[in-house]
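Participant: To start, I am sharing the structure in question, which I have written as structure tokens.
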Amino acid sequence: MPLYEAVKRDLLRKIDEGLYVPDARLPSENELVAAYGVSRMTVHRALRELSQQGVLVRLQGVGTFVRRPRPQAALMEVRDITEEIRGRGHRHDATLVSLERLGAPPLVAHALDLAEGAPLFHSLIVHREEGVPVQVEERFVLPAFAPDYLEQDFLATVGTSTYLLSRGPISELEHIIQAECPDEATRALLDLGGGEPCLRLVRRTWTSDRPVTYSLLTYPGSRYSLGSRQRLERGRPA
């Protein structure tokens, strides 16, 4: 095993065992050189690769720190973000920016197989975890699928995902992930600095072969991640 790989594995072990907790500052490169009995180049490569893998954060002139794990949203599930945040034992709060009836914009009309300007229900909500904005949720809903959508209190009673799932079974689900620089309005809602990229999850759902919802879920790239894990059938190719 290369020496830098041995250093990486030992640092990972110490992080996993809680010897270096999130946000903790690691010993300096000189201290690590002395502790492991290797060259400075070996320590530098180990720290560089762990930083590239998202385990560490290196701040010029300050030091190397253990990166705080970013919350991860389930990629192939339709789950309310309120449940995700509370499931981690964190505090959730949200702001309802708009809940209205409007005419379908061209892109949304195309996604839902509608004529441009056809009536839709629209909601825009900002979700926060421990007071920090982590998602802008924008939904377009076919009125025939959820006729009382505008009458719901999505902050006090039930989240939009939970409510929409209660309206009927989903026969088809589409997820598309995009990396993008958000517009100024979204940047303000997420309290982002200039130039920070976002992850956008575009979701469409169908019921009885008819598209009924189109959702845009935007996450700050530095605060959230998307992922999934599935068990495959025995013998099924990966």
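Within each chain, counting starts at residue 1; across the structure tokens, chains are named A, B, ... in the order shown, with ligands numbered 1 upward in that order.
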Need the shell around A:Ile170: protein/DNA/RNA residues with any atom at most 7 Å away, counting only C-alpha atoms. Skip same-chain ones fewer than 3 positions apart. Format as a ChimeraX atom specification?
Facilitator: /A:205-207
Participant: Selection from above, N, CA and C atoms, as an mmCIF file, in the first residue's frame, can you write it?
Facilitator:
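File out_37.cif, as written:
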```
data_model
loop_
_atom_site.group_PDB
_atom_site.id
_atom_site.type_symbol
_atom_site.label_atom_id
_atom_site.label_comp_id
_atom_site.auth_asym_id
_atom_site.auth_seq_id
_atom_site.Cartn_x
_atom_site.Cartn_y
_atom_site.Cartn_z
ATOM 1 N N THR A 205 -44.646 13.646 -12.211
ATOM 2 C CA THR A 205 -45.371 12.446 -11.807
ATOM 3 C C THR A 205 -46.589 12.255 -12.700
ATOM 4 N N TRP A 206 -46.925 10.971 -12.909
ATOM 5 C CA TRP A 206 -48.064 10.591 -13.731
ATOM 6 C C TRP A 206 -49.051 9.777 -12.900
ATOM 7 N N THR A 207 -50.308 9.912 -13.224
ATOM 8 C CA THR A 207 -51.359 9.056 -12.695
ATOM 9 C C THR A 207 -52.220 8.602 -13.877
#
```
Participant: Running DSSP on the backbone, which parts of stretch 117-200 of chain A land in strand (DSSP E), as a ChimeraX atom specification?
Facilitator: /A:119-129,132-141,172-180,198-200
Participant: Write the residues of the selection above to a file with C-alpha atoms, as a PDB file, in the first residue's frame.
Facilitator:
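Listed below is the output, result.pdb:
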```pdb
ATOM      1  CA  PRO A 119     -54.954  26.775 -15.705  1.00  0.00           C
ATOM      2  CA  LEU A 120     -52.624  25.282 -13.091  1.00  0.00           C
ATOM      3  CA  PHE A 121     -52.141  25.499  -9.356  1.00  0.00           C
ATOM      4  CA  HIS A 122     -48.736  26.836  -8.315  1.00  0.00           C
ATOM      5  CA  SER A 123     -46.875  26.890  -4.996  1.00  0.00           C
ATOM      6  CA  LEU A 124     -43.483  28.241  -3.964  1.00  0.00           C
ATOM      7  CA  ILE A 125     -42.047  27.330  -0.558  1.00  0.00           C
ATOM      8  CA  VAL A 126     -38.638  27.839   1.073  1.00  0.00           C
ATOM      9  CA  HIS A 127     -37.584  25.091   3.488  1.00  0.00           C
ATOM     10  CA  ARG A 128     -34.983  25.594   6.232  1.00  0.00           C
ATOM     11  CA  GLU A 129     -33.019  23.166   8.390  1.00  0.00           C
ATOM     12  CA  VAL A 132     -30.610  27.635   7.178  1.00  0.00           C
ATOM     13  CA  PRO A 133     -32.374  27.572   3.757  1.00  0.00           C
ATOM     14  CA  VAL A 134     -31.833  24.183   2.086  1.00  0.00           C
ATOM     15  CA  GLN A 135     -34.546  23.947  -0.565  1.00  0.00           C
ATOM     16  CA  VAL A 136     -36.740  26.103  -2.777  1.00  0.00           C
ATOM     17  CA  GLU A 137     -39.747  23.974  -3.711  1.00  0.00           C
ATOM     18  CA  GLU A 138     -41.797  25.081  -6.706  1.00  0.00           C
ATOM     19  CA  ARG A 139     -44.741  22.963  -7.861  1.00  0.00           C
ATOM     20  CA  PHE A 140     -47.211  23.104 -10.712  1.00  0.00           C
ATOM     21  CA  VAL A 141     -50.262  20.901 -10.181  1.00  0.00           C
ATOM     22  CA  GLU A 172     -44.824   6.882 -13.227  1.00  0.00           C
ATOM     23  CA  LEU A 173     -42.066   9.078 -11.822  1.00  0.00           C
ATOM     24  CA  GLU A 174     -39.346  11.039 -13.622  1.00  0.00           C
ATOM     25  CA  HIS A 175     -36.324  12.674 -11.995  1.00  0.00           C
ATOM     26  CA  ILE A 176     -33.775  14.862 -13.785  1.00  0.00           C
ATOM     27  CA  ILE A 177     -30.849  16.438 -11.922  1.00  0.00           C
ATOM     28  CA  GLN A 178     -29.304  19.636 -13.205  1.00  0.00           C
ATOM     29  CA  ALA A 179     -26.391  21.736 -11.959  1.00  0.00           C
ATOM     30  CA  GLU A 180     -27.074  25.414 -12.466  1.00  0.00           C
ATOM     31  CA  CYS A 198     -27.153  24.789  -7.018  1.00  0.00           C
ATOM     32  CA  LEU A 199     -28.546  21.330  -7.642  1.00  0.00           C
ATOM     33  CA  ARG A 200     -31.976  21.292  -9.227  1.00  0.00           C
TER      34      ARG A 200
END
```
Participant: Looking only at helix (DSSP H, G or I) from DSSP on the backbone, list the matching residues of stretch 4-166 of chain A as a PyMOL selection string.
Facilitator: chain A and resi 4-16+29-36+40-52+81-87+106-111+149-151+160-166
Participant: Nearest to A:Glu5 among A:Leu47, A:Ala109, A:Leu190, A:Val21, with distances taken over only C-alpha atoms: which residue is it?
Facilitator: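 Answer, going by the shortest atom-to-atom distance: A:Leu47.
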Participant: Quick one: residues within 12 Å of A:Val33, only C-alpha atoms counted, chain neighbours fewer than 2 positions away excluded, as an NGL selection string?
Facilitator: :A and (3-4 or 7 or 27-31 or 35-47)
Participant: Could you produce a table of the residues of stretch 133-231 of chain A lying within 9 Å of stretch 76-100 of chain A, with the nearest pair of atoms per residue and their separation in Å rounded to one decimal, using only C-alpha atoms, ordered by chain and increasing residue number, as a tab-separated table?
Facilitator:
```
residue	atom	partner	partner_atom	distance
A:Pro133	CA	A:Ala94	CA	8.6
A:Gln135	CA	A:Ile81	CA	8.6
A:Tyr149	CA	A:Leu99	CA	8.8
A:Leu150	CA	A:Leu99	CA	6.3
A:Phe154	CA	A:Leu96	CA	7.9
A:Leu155	CA	A:Ala94	CA	6.7
A:Gly159	CA	A:Asp80	CA	6.3
A:Thr160	CA	A:Asp80	CA	7.2
A:Ser161	CA	A:Asp80	CA	5.2
A:Thr162	CA	A:Asp80	CA	6.1
A:Leu165	CA	A:Val78	CA	8.4
A:Leu173	CA	A:Met76	CA	8.6
A:Glu174	CA	A:Met76	CA	8.8
A:His175	CA	A:Met76	CA	7.5
A:Gly227	CA	A:Met76	CA	8.0
A:Ser228	CA	A:Met76	CA	6.4
A:Arg229	CA	A:Met76	CA	8.8
```
Participant: Can you work out the spacing between atom CA of A:Val66 and atom CA of A:Thr186 in Å, to one decimal?
Facilitator: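 Computed distance, atom CA of A:Val66 to atom CA of A:Thr186, equals 29.2 Å.
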Participant: Which is closest to A:Leu112 among A:Tyr219, A:Tyr224, A:Tyr214, A:Phe65, if we use only C-alpha atoms?
Facilitator: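 With only C-alpha atoms as the atom set, the closest residue is A:Tyr214.
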Participant: Give the answer as one residue: which of A:Leu201, A:Glu196, A:Ser166, A:Arg210 has the shortest atom-to-atom distance to A:Ser225, using only C-alpha atoms?
Facilitator: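 Closest candidate: A:Leu201.
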Participant: One decimal, Å: what's the distance from atom CA of A:Leu12 over to atom CA of A:Leu50, could you say?
Facilitator: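 Between atom CA of A:Leu12 and atom CA of A:Leu50 the gap is 8.7 Å.
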Participant: Would you pick out the contacts of A:Arg187 at 10 Å or less, using only C-alpha atoms, so that residues sharing its chain but fewer than 4 positions from it are not included, and give the list as a VMD selection string?
Facilitator: chain A and resid 136 181 to 183 191 to 198 220
